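Report on the following structure.
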Amino acid sequence: MHIFFLIGFMGAGKSYWGKRWAAATGLQFVELDNLIESTLGQPITEVFATQGETFFREQESFLLKKCTQDNCIVATGGGAACFFDNMDWMNAHGTTLYLQASPQLLAERLAEEKAHRPLLQQISDASLESFIAHKLAEREPFYNQAQLVLDVTRLTDDSLKPYLI
């Protein structure tokens, strides 16, 4: 067994599936965003507002690289794969799974969560899908470096089992 890193855009289901797969396989589950919030003692929205994205990304990368416990599923934040050497590091230390979703599906899932998503707070409902499509196009070169690409519309509780060692 080893570490599975779930990557993909916000709203793709990394936390949802990470928890379900951990329960189904007996692996431990770590949500990187929760680790960041507990370490810094404030919500991510507040970290973005008070200390900026650069500080957040530095902390995210530092704490990601502390996630080395075996038999674990780590749900990363949507941008984690795109900064510093995070993608190379995750590929070297575990199995990376890109949970791939269309901009339309992501917009449907994220429409009600904008207040809790720093990058979406200033985006109007009308332009949400186009913003996601643009941001996704920027991030996909990183996401596509994952060792496995999984279509979120086809995921089940057993989707991770074929990859267990």
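Order determines the names: the first chain of the structure tokens is A, the second B, and so forth; residues in each chain are numbered 1 upward, and ligands are numbered 1 upward as they are shown.
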Within 8 Å of region 54-64 of chain A: each region 71-148 of chain A residue with its shortest pair, only C-alpha atoms, as a Markdown table:
| residue | atom | partner | partner_atom | distance |
| --- | --- | --- | --- | --- |
| A:Thr76 | CA | A:Leu64 | CA | 8.0 |
| A:Ala80 | CA | A:Glu60 | CA | 6.9 |
| A:Phe83 | CA | A:Arg57 | CA | 7.1 |
| A:Phe84 | CA | A:Ser61 | CA | 7.3 |
| A:Asn86 | CA | A:Ser61 | CA | 6.5 |
*Leaving out region 7-23 of chain A and any residue of its chain fewer than 4 positions from it, which residues lie within 9 Å of it when counting only C-alpha atoms, given as a ChimeraX atom specification?*
/A:27-31,72-81,96-102,105-107,109-110,117,132,135-136,139-140,143,146,152,155-161
Residue selection dump (C-alpha atoms) as an mmCIF file, in the first residue's frame:
data_model
loop_
_atom_site.group_PDB
_atom_site.id
_atom_site.type_symbol
_atom_site.label_atom_id
_atom_site.label_comp_id
_atom_site.auth_asym_id
_atom_site.auth_seq_id
_atom_site.Cartn_x
_atom_site.Cartn_y
_atom_site.Cartn_z
ATOM 1 C CA LEU A 27 -7.105 3.678 4.254
ATOM 2 C CA GLN A 28 -6.695 6.876 6.243
ATOM 3 C CA PHE A 29 -8.102 10.094 4.744
ATOM 4 C CA VAL A 30 -6.395 13.507 4.853
ATOM 5 C CA GLU A 31 -7.954 16.632 3.433
ATOM 6 C CA CYS A 72 -3.483 7.114 2.992
ATOM 7 C CA ILE A 73 -5.681 9.063 0.588
ATOM 8 C CA VAL A 74 -4.902 12.783 0.384
ATOM 9 C CA ALA A 75 -7.481 15.121 -1.154
ATOM 10 C CA THR A 76 -5.582 18.180 -2.363
ATOM 11 C CA GLY A 77 -6.996 21.615 -3.074
ATOM 12 C CA GLY A 78 -7.853 22.441 -6.671
ATOM 13 C CA GLY A 79 -4.685 24.446 -7.283
ATOM 14 C CA ALA A 80 -2.217 22.341 -5.316
ATOM 15 C CA ALA A 81 -0.968 20.442 -8.365
ATOM 16 C CA THR A 96 -1.843 10.656 -8.431
ATOM 17 C CA LEU A 97 -5.444 10.458 -9.578
ATOM 18 C CA TYR A 98 -6.950 13.306 -11.579
ATOM 19 C CA LEU A 99 -10.707 13.470 -10.999
ATOM 20 C CA GLN A 100 -11.741 14.945 -14.335
ATOM 21 C CA ALA A 101 -15.002 16.864 -14.740
ATOM 22 C CA SER A 102 -16.444 19.166 -17.397
ATOM 23 C CA LEU A 105 -20.673 19.908 -14.273
ATOM 24 C CA LEU A 106 -18.247 21.879 -12.100
ATOM 25 C CA ALA A 107 -20.312 25.059 -12.492
ATOM 26 C CA ARG A 109 -21.739 21.813 -8.370
ATOM 27 C CA LEU A 110 -20.047 25.086 -7.391
ATOM 28 C CA ARG A 117 -14.418 29.389 -2.536
ATOM 29 C CA ILE A 132 -14.151 27.605 -14.754
ATOM 30 C CA LYS A 135 -9.122 28.253 -15.225
ATOM 31 C CA LEU A 136 -9.433 24.545 -16.024
ATOM 32 C CA ARG A 139 -4.577 23.891 -14.881
ATOM 33 C CA GLU A 140 -5.050 20.855 -17.107
ATOM 34 C CA TYR A 143 -3.645 17.760 -13.862
ATOM 35 C CA ALA A 146 -1.401 12.475 -13.053
ATOM 36 C CA VAL A 152 -16.026 11.776 -12.238
ATOM 37 C CA LEU A 155 -16.817 6.904 -10.240
ATOM 38 C CA THR A 156 -18.119 4.338 -7.765
ATOM 39 C CA ASP A 157 -17.201 3.210 -4.262
ATOM 40 C CA ASP A 158 -15.044 0.521 -5.914
ATOM 41 C CA SER A 159 -13.170 2.809 -8.362
ATOM 42 C CA LEU A 160 -10.010 2.880 -6.242
ATOM 43 C CA LYS A 161 -9.818 -0.861 -5.554
#
*Using only C-alpha atoms, which of the listed residues (A:Ala49, A:Lys65, A:Pro43, A:Leu6) sits closest to Trp89 (chain A)?*
A:Lys65
*Residue neighbourhood Ala111 (chain A), 8 Å, only C-alpha atoms, exclusion window fewer than 3 positions, as an MDAnalysis selection string*: chainID A and resid 107:108 114 125 128
Generate the output file for the selected residues, C-alpha atoms, as an mmCIF file, in the first residue's frame.
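Output saved as again_35.cif:
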data_model
loop_
_atom_site.group_PDB
_atom_site.id
_atom_site.type_symbol
_atom_site.label_atom_id
_atom_site.label_comp_id
_atom_site.auth_asym_id
_atom_site.auth_seq_id
_atom_site.Cartn_x
_atom_site.Cartn_y
_atom_site.Cartn_z
ATOM 1 C CA ALA A 107 -20.312 25.059 -12.492
ATOM 2 C CA GLU A 108 -23.462 23.184 -11.467
ATOM 3 C CA LYS A 114 -19.107 30.433 -4.209
ATOM 4 C CA ASP A 125 -23.414 33.308 -11.758
ATOM 5 C CA LEU A 128 -19.149 31.032 -13.637
#
*When DSSP works through the backbone of this structure, what residues of chain A end up as helix (DSSP H, G or I), shown as a PyMOL selection string?*
chain A and resi 14-25+32-40+44-64+80-82+86-93+103-110+114-116+125-143+152-154+161-163
*For CA of Asn71 (chain A) and CA of Ile3 (chain A), quote the distance in Å rounded to one decimal.*
5.6 Å
_Coordinates-based distance that separates CA of Glu129 (chain A) from CA of Phe5 (chain A) (Å, one decimal)_ =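 So the two atoms, CA of Phe5 (chain A) and CA of Glu129 (chain A), lie 25.8 Å apart.
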